[in-house]
2 protein chains.
Amino acid sequence: MIEICEVGPRDGLQNEKKPISTDQKVEMITRLIDAGIKKIEAVSFVNPKVVPQMADAEEVMKRVPRVDGVKYAGLILNYSGMERAMKTDVDIFHIVTTTSDAFNLKNARKTVDQNVAEHITVIQEAVAAKKPVTGVLGTAFGCPYSGEVPVDRVLEISEAFVKAGASEIVLADTTGLANPVQVAEVVNRFQRHYGDDIKLGLHFHNTRGLGLANVLAGYQAGIRRFDSSIAGLGGCPFAPKAVGNVCTEDMVNMFAGMGVETGTDLQKLVETALWMEEQMEKRLDGMVMKV
Amino acid sequence: MIEICEVGPRDGLQNEKKPISTDQKVEMITRLIDAGIKKIEAVSFVNPKVVPQMADAEEVMKRVPRVDGVKYAGLILNYSGMERAMKTDVDIFHIVTTTSDAFNLKNARKTVDQNVAEHITVIQEAVAAKKPVTGVLGTAFGCPYSGEVPVDRVLEISEAFVKAGASEIVLADTTGLANPVQVAEVVNRFQRHYGDDIKLGLHFHNTRGLGLANVLAGYQAGIRRFDSSIAGLGGCPFAPKAVGNVCTEDMVNMFAGMGVETGTDLQKLVETALWMEEQMEKRLDGMVMKV
């Protein structure tokens with residue numbers, strides 16, 4: 001059984017120029033739940049001046065349907081983001097740093113060490129408030145500005161998050177630089193280090209067409225938790241030409257062909273992807289919805 | 001070491017509405033060779049009324065550069081195609097049938113058995129003329145009209161080709177229906193049957209975004225020969241909405257990341273893909289060239 005964390009409402013939309021209303025976001029999320037999605041990164045508590053598309057995070061969290069078994073995650077980049085999240089009923093805190101100074105200075109205006117130091121407090125306060133914390137480590141498979149990011153460094157940052165109280169780690173390939181051999185190596189390294197103590201997830205972008213090949217490599221290495229985005233929506237404001245996340249319905253179609261259960265309804269996901277294209281008023285990247 | 005068979009000049013162009021001149025095809029092929037490609041499916045000896053884009057096959061073969069170590073293949077669908085090929089200096093005969101009656105009746109106006117019966121003569125005459133023959137088996141991973149194609153049936157057709165003299169078999173996923181688990185199963189079945197006697201290649205389309213994941217699965221199963229198309233050009237006139245072949249430069253980028261040699265120059269392939277977009281006057285599917 002694969003656990004999908006649908007990141008379309010957050011990673012998918014954050015970089016889109018066309019404003020998407022709170023109504024549209026709530027309908028998007030409702031449709032995703034109806035298609036069987038159980039975990040949704042619904043909002044981001046970032047500076048609305050920098051990412052205006054995410055400015056209505058509180059309003060979205062007030063209006064999303066509460067359904068048994070469905071959990072909402074919110075992205076947190078710093079202490080003030082955590083303070084905002086605490087006032088909502090977001091279920092899971094996705095606390096993010098990238099792992100490369102060159103990237104993090106653009107993304108969060110801090111070095112990685114500065115970001116991690118702040119996040120240790122953020123995580124401790126979240127855990128004290130009984131909020132489960134996922135540490136999301138961006139550029140974990142390479143940085144578009146500085147190149148290779150050593151696995152030792154990624155693991156060191158992960159360790160800081162885990163010691164502070166994170167119960168899950170997601171390794172994110174922010175700009176689509178990962179390849180299947182590297183995915184297997186990094187995952188094996190993390191598994192040797194953590195065993196079953198920490199749940200590990202993967203987050204890929206399809207920038208170089210390798211999204212599903214990397215998901216496959218992660219699955220073969222034992223990972224069962226993947227981020228993806230409906231219709232392949234996505235991109236990052238600080239990652240030039242980064243295209244979308246791995247497409248949810250394309251990933252579900254792959255796993256269905258492989259006989260691996262995802263708990264979702266492919267037909268309803270495709271309908272949601274087509275609905276999403278109407279909302280965005282442009283052609284999106286998903287492939288299965290075009291067939 | 002991966003052997004790439006570049007099918008852009010044939011599978012890539014055959015379905016394009018915009019006429020591509022012989023000059024353009026020869027330049028395309030010359031650029032591909034300059035980028036390190038050693039095997040090119042350059043032409044198709046099919047009815048020019050049905051596939052006008054391939055009408056200049058003889059002229060293309062007269063004008064392509066002859067370079068040490070570079071081999072040209074031509075696609076042959078029937079006896080008269082073989083007669084045309086015999087009069088050119090094409091190096092390898094790619095003799096094609098699909099493996100599903102429903103598809104083959106549209107593609108070649110014959111049942112598979114009728115096609116195979118004709119191809120036995122075609123192969124025997126080609127082999128008698130010292131031409132190496134590759135049997136290309138379309139819809140080997142499923143048919144868009146009739147669904148599943150049993151592996152036993154694909155193997156039976158393969159056996160008829162091999163007994164007639166084919167030295168290589170390519171399993172083609174004409175409409176992008178394959179998945180990685182199926183690829184491993186089918187490849188394992190063929191390998192158990194043939195051992196090292198027959199060289200096996202794979203040909204994938206990216207219709208559902210699974211092209212590179214399927215290449216990865218084939219590679220993991222031991223395959224080292226893959227078809228691909230520069231810039232992801234491609235499609236099939238009888239396969240509705242079938243998008244392009246696996247993209248050559250995206251596949252090369254994946255293998256490069258994995259530390260697997262392809263003997264090609266990624267930068268020159270990307271330049272060729274960008275040049276190809278100019279010729280086609282539209283955006284093509286390749287991903288790496290957009291980064």
# chains A, B, ... in the order shown; residues from 1 in each chain; ligands from 1

call {"tool": "interface_residues", "arguments": {"of": "chain B", "to": "chain A", "cutoff": "7 Å", "atoms": "only C-alpha atoms", "output": "ChimeraX atom specification"}}
result
/B:179-181,207-210,212-213,216,241,250,254,257-258,287-288,291

call {"tool": "write_last_selection", "arguments": {"atoms": "all heavy atoms", "output": "compact mmCIF listing (two decimals), in the first residue's frame"}}
result
# COMPACT_ATOMS: atom_id res chain seq x y z
N ASN B 179 4.09 -1.29 -18.01
CA ASN B 179 4.50 -0.79 -16.69
C ASN B 179 5.75 -1.55 -16.26
O ASN B 179 6.05 -2.62 -16.81
CB ASN B 179 3.37 -0.91 -15.67
CG ASN B 179 3.10 -2.34 -15.28
OD1 ASN B 179 3.92 -2.97 -14.58
ND2 ASN B 179 1.99 -2.89 -15.73
N PRO B 180 6.49 -1.01 -15.29
CA PRO B 180 7.81 -1.58 -14.97
C PRO B 180 7.78 -3.05 -14.52
O PRO B 180 8.69 -3.81 -14.85
CB PRO B 180 8.30 -0.68 -13.82
CG PRO B 180 7.62 0.63 -14.06
CD PRO B 180 6.27 0.28 -14.60
N VAL B 181 6.74 -3.44 -13.79
CA VAL B 181 6.68 -4.84 -13.34
C VAL B 181 6.48 -5.76 -14.54
O VAL B 181 7.14 -6.80 -14.69
CB VAL B 181 5.54 -5.02 -12.31
CG1 VAL B 181 5.22 -6.49 -12.09
CG2 VAL B 181 5.92 -4.35 -10.99
N THR B 207 3.53 7.71 -23.53
CA THR B 207 2.11 8.12 -23.56
C THR B 207 1.54 8.39 -22.17
O THR B 207 0.76 9.31 -21.98
CB THR B 207 1.29 7.02 -24.25
OG1 THR B 207 2.01 6.57 -25.39
CG2 THR B 207 -0.08 7.53 -24.66
N ARG B 208 1.91 7.56 -21.22
CA ARG B 208 1.40 7.72 -19.84
C ARG B 208 2.52 8.14 -18.87
O ARG B 208 2.43 7.93 -17.67
CB ARG B 208 0.73 6.43 -19.39
CG ARG B 208 -0.61 6.19 -20.09
CD ARG B 208 -1.13 4.79 -20.01
NE ARG B 208 -2.36 4.66 -20.80
CZ ARG B 208 -2.41 4.49 -22.12
NH1 ARG B 208 -1.28 4.44 -22.82
NH2 ARG B 208 -3.56 4.39 -22.76
N GLY B 209 3.59 8.71 -19.45
CA GLY B 209 4.67 9.24 -18.61
C GLY B 209 5.61 8.18 -18.05
O GLY B 209 6.46 8.46 -17.21
N LEU B 210 5.47 6.94 -18.54
CA LEU B 210 6.23 5.83 -17.97
C LEU B 210 7.44 5.42 -18.79
O LEU B 210 8.09 4.41 -18.49
CB LEU B 210 5.31 4.61 -17.79
CG LEU B 210 4.43 4.70 -16.55
CD1 LEU B 210 3.38 3.60 -16.53
CD2 LEU B 210 5.33 4.58 -15.32
N LEU B 212 10.64 6.43 -19.25
CA LEU B 212 11.94 6.22 -18.61
C LEU B 212 11.86 5.21 -17.46
O LEU B 212 12.82 4.49 -17.21
CB LEU B 212 12.52 7.55 -18.13
CG LEU B 212 13.01 8.46 -19.25
CD1 LEU B 212 13.56 9.77 -18.69
CD2 LEU B 212 14.09 7.77 -20.10
N ALA B 213 10.72 5.15 -16.76
CA ALA B 213 10.57 4.13 -15.72
C ALA B 213 10.63 2.74 -16.34
O ALA B 213 11.23 1.81 -15.77
CB ALA B 213 9.26 4.33 -14.96
N LEU B 216 14.21 2.01 -17.29
CA LEU B 216 14.92 1.62 -16.07
C LEU B 216 14.63 0.16 -15.72
O LEU B 216 15.56 -0.61 -15.43
CB LEU B 216 14.50 2.53 -14.91
CG LEU B 216 15.08 2.21 -13.54
CD1 LEU B 216 16.59 2.38 -13.53
CD2 LEU B 216 14.44 3.09 -12.45
N LYS B 241 -3.87 9.51 -30.05
CA LYS B 241 -3.29 10.23 -28.92
C LYS B 241 -1.98 9.63 -28.41
O LYS B 241 -1.51 10.01 -27.34
CB LYS B 241 -4.27 10.35 -27.75
CG LYS B 241 -5.52 11.15 -28.10
CD LYS B 241 -6.32 11.44 -26.86
CE LYS B 241 -7.70 12.03 -27.21
NZ LYS B 241 -8.58 12.15 -26.08
N ASP B 250 16.77 12.72 -22.93
CA ASP B 250 16.32 12.48 -21.55
C ASP B 250 16.82 11.12 -21.06
O ASP B 250 17.24 10.97 -19.91
CB ASP B 250 14.79 12.55 -21.45
CG ASP B 250 14.25 13.97 -21.64
OD1 ASP B 250 15.05 14.90 -21.85
OD2 ASP B 250 13.02 14.14 -21.59
N MET B 254 19.46 10.33 -18.03
CA MET B 254 19.22 9.37 -16.94
C MET B 254 20.39 8.42 -16.79
O MET B 254 20.92 8.24 -15.68
CB MET B 254 17.93 8.58 -17.18
CG MET B 254 17.69 7.51 -16.10
SD MET B 254 16.13 6.59 -16.28
CE MET B 254 16.60 5.34 -17.49
N GLY B 257 23.46 10.08 -15.32
CA GLY B 257 23.33 10.24 -13.88
C GLY B 257 23.60 8.94 -13.14
O GLY B 257 24.16 8.92 -12.04
N MET B 258 23.19 7.84 -13.76
CA MET B 258 23.36 6.51 -13.16
C MET B 258 24.79 5.97 -13.35
O MET B 258 25.10 4.86 -12.89
CB MET B 258 22.36 5.53 -13.77
CG MET B 258 20.91 5.83 -13.42
SD MET B 258 19.70 4.92 -14.47
CE MET B 258 20.10 3.22 -14.06
N MET B 287 12.37 16.88 -22.11
CA MET B 287 12.40 17.68 -20.88
C MET B 287 13.76 18.33 -20.66
O MET B 287 13.85 19.50 -20.32
CB MET B 287 12.07 16.80 -19.67
CG MET B 287 10.73 16.10 -19.74
SD MET B 287 9.31 17.21 -19.59
CE MET B 287 9.36 17.59 -17.83
N VAL B 288 14.83 17.56 -20.81
CA VAL B 288 16.17 18.07 -20.48
C VAL B 288 16.49 19.31 -21.31
O VAL B 288 17.09 20.26 -20.81
CB VAL B 288 17.23 16.97 -20.69
CG1 VAL B 288 18.64 17.54 -20.56
CG2 VAL B 288 17.02 15.84 -19.67
N VAL B 291 15.63 22.72 -19.78
CA VAL B 291 16.24 23.19 -18.52
C VAL B 291 17.42 24.13 -18.82
O VAL B 291 18.26 23.85 -19.63
CB VAL B 291 16.71 22.00 -17.66
CG1 VAL B 291 17.28 22.52 -16.34
CG2 VAL B 291 15.57 21.05 -17.38

call {"tool": "residues_around", "arguments": {"residues": "stretch 194-205 of chain B", "least_positions_apart": "4", "cutoff": "6 Å", "atoms": "only C-alpha atoms", "output": "PDB file with N, CA and C atoms, in the first residue's frame"}}
result
ATOM      1  N   SER B 167      17.961 -12.083 -36.098  1.00  0.00           N
ATOM      2  CA  SER B 167      19.005 -12.260 -35.082  1.00  0.00           C
ATOM      3  C   SER B 167      18.780 -11.365 -33.868  1.00  0.00           C
ATOM      4  N   GLU B 168      17.781 -10.535 -33.934  1.00  0.00           N
ATOM      5  CA  GLU B 168      17.499  -9.586 -32.856  1.00  0.00           C
ATOM      6  C   GLU B 168      15.987  -9.388 -32.802  1.00  0.00           C
ATOM      7  N   ILE B 169      15.464  -9.256 -31.581  1.00  0.00           N
ATOM      8  CA  ILE B 169      14.024  -8.998 -31.406  1.00  0.00           C
ATOM      9  C   ILE B 169      13.869  -7.714 -30.587  1.00  0.00           C
ATOM     10  N   VAL B 170      12.998  -6.836 -31.058  1.00  0.00           N
ATOM     11  CA  VAL B 170      12.669  -5.627 -30.290  1.00  0.00           C
ATOM     12  C   VAL B 170      11.198  -5.710 -29.886  1.00  0.00           C
ATOM     13  N   LEU B 171      10.969  -5.601 -28.592  1.00  0.00           N
ATOM     14  CA  LEU B 171       9.598  -5.597 -28.076  1.00  0.00           C
ATOM     15  C   LEU B 171       9.151  -4.142 -27.957  1.00  0.00           C
ATOM     16  N   ALA B 172       8.070  -3.813 -28.672  1.00  0.00           N
ATOM     17  CA  ALA B 172       7.655  -2.411 -28.746  1.00  0.00           C
ATOM     18  C   ALA B 172       6.325  -2.195 -28.035  1.00  0.00           C
ATOM     19  N   ASP B 173       6.332  -1.158 -27.203  1.00  0.00           N
ATOM     20  CA  ASP B 173       5.119  -0.760 -26.473  1.00  0.00           C
ATOM     21  C   ASP B 173       4.495   0.396 -27.246  1.00  0.00           C
ATOM     22  N   GLY B 176       2.285   2.947 -25.266  1.00  0.00           N
ATOM     23  CA  GLY B 176       2.622   3.366 -23.906  1.00  0.00           C
ATOM     24  C   GLY B 176       1.786   2.712 -22.824  1.00  0.00           C
ATOM     25  N   GLY B 211       7.748   6.193 -19.852  1.00  0.00           N
ATOM     26  CA  GLY B 211       8.828   5.797 -20.750  1.00  0.00           C
ATOM     27  C   GLY B 211      10.134   5.478 -20.028  1.00  0.00           C
ATOM     28  N   ARG B 225      19.848  -2.508 -24.965  1.00  0.00           N
ATOM     29  CA  ARG B 225      19.551  -1.916 -26.271  1.00  0.00           C
ATOM     30  C   ARG B 225      18.164  -1.293 -26.225  1.00  0.00           C
ATOM     31  N   PHE B 226      18.112   0.024 -26.445  1.00  0.00           N
ATOM     32  CA  PHE B 226      16.845   0.751 -26.344  1.00  0.00           C
ATOM     33  C   PHE B 226      16.645   1.644 -27.562  1.00  0.00           C
ATOM     34  N   ASP B 227      15.417   1.664 -28.065  1.00  0.00           N
ATOM     35  CA  ASP B 227      15.026   2.662 -29.052  1.00  0.00           C
ATOM     36  C   ASP B 227      14.693   3.963 -28.330  1.00  0.00           C
ATOM     37  N   GLY B 244       4.961  10.719 -28.043  1.00  0.00           N
ATOM     38  CA  GLY B 244       6.223  10.339 -28.619  1.00  0.00           C
ATOM     39  C   GLY B 244       6.920   9.171 -27.957  1.00  0.00           C
ATOM     40  N   ASN B 245       7.983   8.772 -28.646  1.00  0.00           N
ATOM     41  CA  ASN B 245       8.908   7.780 -28.130  1.00  0.00           C
ATOM     42  C   ASN B 245       9.595   8.315 -26.893  1.00  0.00           C
ATOM     43  N   VAL B 246      10.201   7.406 -26.168  1.00  0.00           N
ATOM     44  CA  VAL B 246      11.128   7.827 -25.121  1.00  0.00           C
ATOM     45  C   VAL B 246      12.112   8.805 -25.757  1.00  0.00           C
TER      46      VAL B 246
END

call {"tool": "closest_residue", "arguments": {"among": "A:Glu148, A:Cys5, A:Pro132, A:Trp275", "to": "A:Met28", "atoms": "only C-alpha atoms"}}
result
A:Trp275

call {"tool": "atom_distance", "arguments": {"atom1": "atom CA of B:Glu3", "atom2": "atom CA of B:Tyr72"}}
result
13.6 Å

call {"tool": "select_by_dssp", "arguments": {"residues": "stretch 75-236 of chain A", "states": "strand (DSSP E or B)", "output": "ChimeraX atom specification"}}
result
/A:75-76,92-98,133-138,143,147,168-173,199-205,225-229,236

call {"tool": "atom_distance", "arguments": {"atom1": "atom CA of A:Asn78", "atom2": "atom CA of A:Asn15"}}
result
19.1 Å

call {"tool": "select_by_dssp", "arguments": {"residues": "stretch 192-239 of chain A", "states": "helix (DSSP H, G or I)", "output": "ChimeraX atom specification"}}
result
/A:192-194,211-220,230-232

call {"tool": "write_last_selection", "arguments": {"atoms": "C-alpha atoms", "output": "CSV table (one decimal), in the first residue's frame"}}
result
chain,number,residue,atom,x,y,z
A,192,ARG,CA,20.7,1.8,7.4
A,193,HIS,CA,20.9,4.7,9.7
A,194,TYR,CA,17.3,4.8,11.0
A,211,GLY,CA,10.0,11.7,-11.8
A,212,LEU,CA,8.4,8.3,-12.2
A,213,ALA,CA,11.7,6.5,-12.7
A,214,ASN,CA,12.8,7.9,-9.4
A,215,VAL,CA,9.5,6.9,-7.7
A,216,LEU,CA,10.1,3.4,-9.1
A,217,ALA,CA,13.7,3.3,-7.7
A,218,GLY,CA,12.4,4.6,-4.3
A,219,TYR,CA,9.7,1.9,-4.3
A,220,GLN,CA,12.2,-0.8,-5.1
A,230,ILE,CA,-2.6,16.4,-9.2
A,231,ALA,CA,-2.1,17.0,-13.0
A,232,GLY,CA,1.6,17.5,-12.4

call {"tool": "atom_distance", "arguments": {"atom1": "atom CA of A:Val112", "atom2": "atom CA of A:Thr97"}}
result
6.9 Å

call {"tool": "residues_around", "arguments": {"residues": "stretch 102-107 of chain B", "least_positions_apart": "5", "cutoff": "8 Å", "atoms": "only C-alpha atoms", "output": "list in words"}}
result
Thr97, Val112, Thr139, Cys143, Pro144, Tyr145, Ser146 and Phe238 of chain B

call {"tool": "residues_around", "arguments": {"residues": "A:Lys62", "least_positions_apart": "2", "cutoff": "10 Å", "atoms": "only C-alpha atoms", "output": "ChimeraX atom specification"}}
result
/A:26,56-60,64-66,88-90

call {"tool": "residues_around", "arguments": {"residues": "A:Pro19", "least_positions_apart": "4", "cutoff": "10 Å", "atoms": "only C-alpha atoms", "output": "short mmCIF file (atom, residue, chain, number, x, y, z; two decimals) with all heavy atoms, in the first residue's frame"}}
result
data_model
loop_
_atom_site.label_atom_id
_atom_site.label_comp_id
_atom_site.auth_asym_id
_atom_site.auth_seq_id
_atom_site.Cartn_x
_atom_site.Cartn_y
_atom_site.Cartn_z
N LEU A 13 0.39 24.86 -6.51
CA LEU A 13 -0.17 26.19 -6.81
C LEU A 13 0.76 27.35 -6.49
O LEU A 13 0.62 28.43 -7.05
CB LEU A 13 -1.48 26.39 -6.02
CG LEU A 13 -2.65 25.49 -6.42
CD1 LEU A 13 -3.87 25.84 -5.55
CD2 LEU A 13 -3.00 25.63 -7.90
N GLN A 14 1.72 27.16 -5.56
CA GLN A 14 2.42 28.31 -4.98
C GLN A 14 3.10 29.21 -6.02
O GLN A 14 3.22 30.41 -5.83
CB GLN A 14 3.45 27.85 -3.95
CG GLN A 14 4.62 27.11 -4.56
CD GLN A 14 5.67 26.73 -3.52
OE1 GLN A 14 5.45 26.87 -2.32
NE2 GLN A 14 6.80 26.25 -3.97
N GLN A 24 -11.87 27.85 -4.93
CA GLN A 24 -11.29 26.86 -5.85
C GLN A 24 -10.40 25.87 -5.10
O GLN A 24 -10.40 24.67 -5.38
CB GLN A 24 -10.48 27.57 -6.95
CG GLN A 24 -11.35 28.26 -7.99
CD GLN A 24 -10.50 29.10 -8.94
OE1 GLN A 24 -9.78 30.00 -8.50
NE2 GLN A 24 -10.58 28.80 -10.22
N PRO A 52 2.13 35.18 -2.72
CA PRO A 52 0.75 35.64 -2.54
C PRO A 52 -0.29 34.53 -2.72
O PRO A 52 -1.36 34.58 -2.11
CB PRO A 52 0.59 36.73 -3.61
CG PRO A 52 1.80 36.65 -4.49
CD PRO A 52 2.86 35.94 -3.75
N GLN A 53 0.05 33.54 -3.53
CA GLN A 53 -0.92 32.46 -3.79
C GLN A 53 -1.27 31.70 -2.50
O GLN A 53 -2.33 31.07 -2.43
CB GLN A 53 -0.31 31.51 -4.83
CG GLN A 53 -1.25 30.49 -5.43
CD GLN A 53 -2.23 31.09 -6.43
OE1 GLN A 53 -3.33 31.50 -6.07
NE2 GLN A 53 -1.84 31.13 -7.69
N MET A 54 -0.40 31.77 -1.50
CA MET A 54 -0.63 31.02 -0.26
C MET A 54 -1.17 31.91 0.86
O MET A 54 -1.27 31.48 2.01
CB MET A 54 0.69 30.37 0.21
CG MET A 54 1.24 29.31 -0.73
SD MET A 54 0.25 27.77 -0.77
CE MET A 54 -0.49 27.85 -2.40
N GLN A 279 -9.48 25.18 -14.32
CA GLN A 279 -9.26 26.26 -13.35
C GLN A 279 -8.01 27.07 -13.70
O GLN A 279 -7.99 28.29 -13.56
CB GLN A 279 -9.09 25.70 -11.92
CG GLN A 279 -10.17 24.74 -11.47
CD GLN A 279 -11.57 25.28 -11.68
OE1 GLN A 279 -11.90 26.35 -11.18
NE2 GLN A 279 -12.39 24.56 -12.44
N MET A 280 -6.96 26.37 -14.13
CA MET A 280 -5.69 27.05 -14.43
C MET A 280 -5.72 27.70 -15.81
O MET A 280 -4.83 28.49 -16.13
CB MET A 280 -4.51 26.07 -14.36
CG MET A 280 -4.39 25.25 -13.07
SD MET A 280 -4.45 26.24 -11.56
CE MET A 280 -2.94 27.20 -11.73
#

call {"tool": "closest_residue", "arguments": {"among": "A:Lys163, A:Arg153, A:Lys87, A:Lys17", "to": "A:His119", "atoms": "only C-alpha atoms"}}
result
A:Lys163
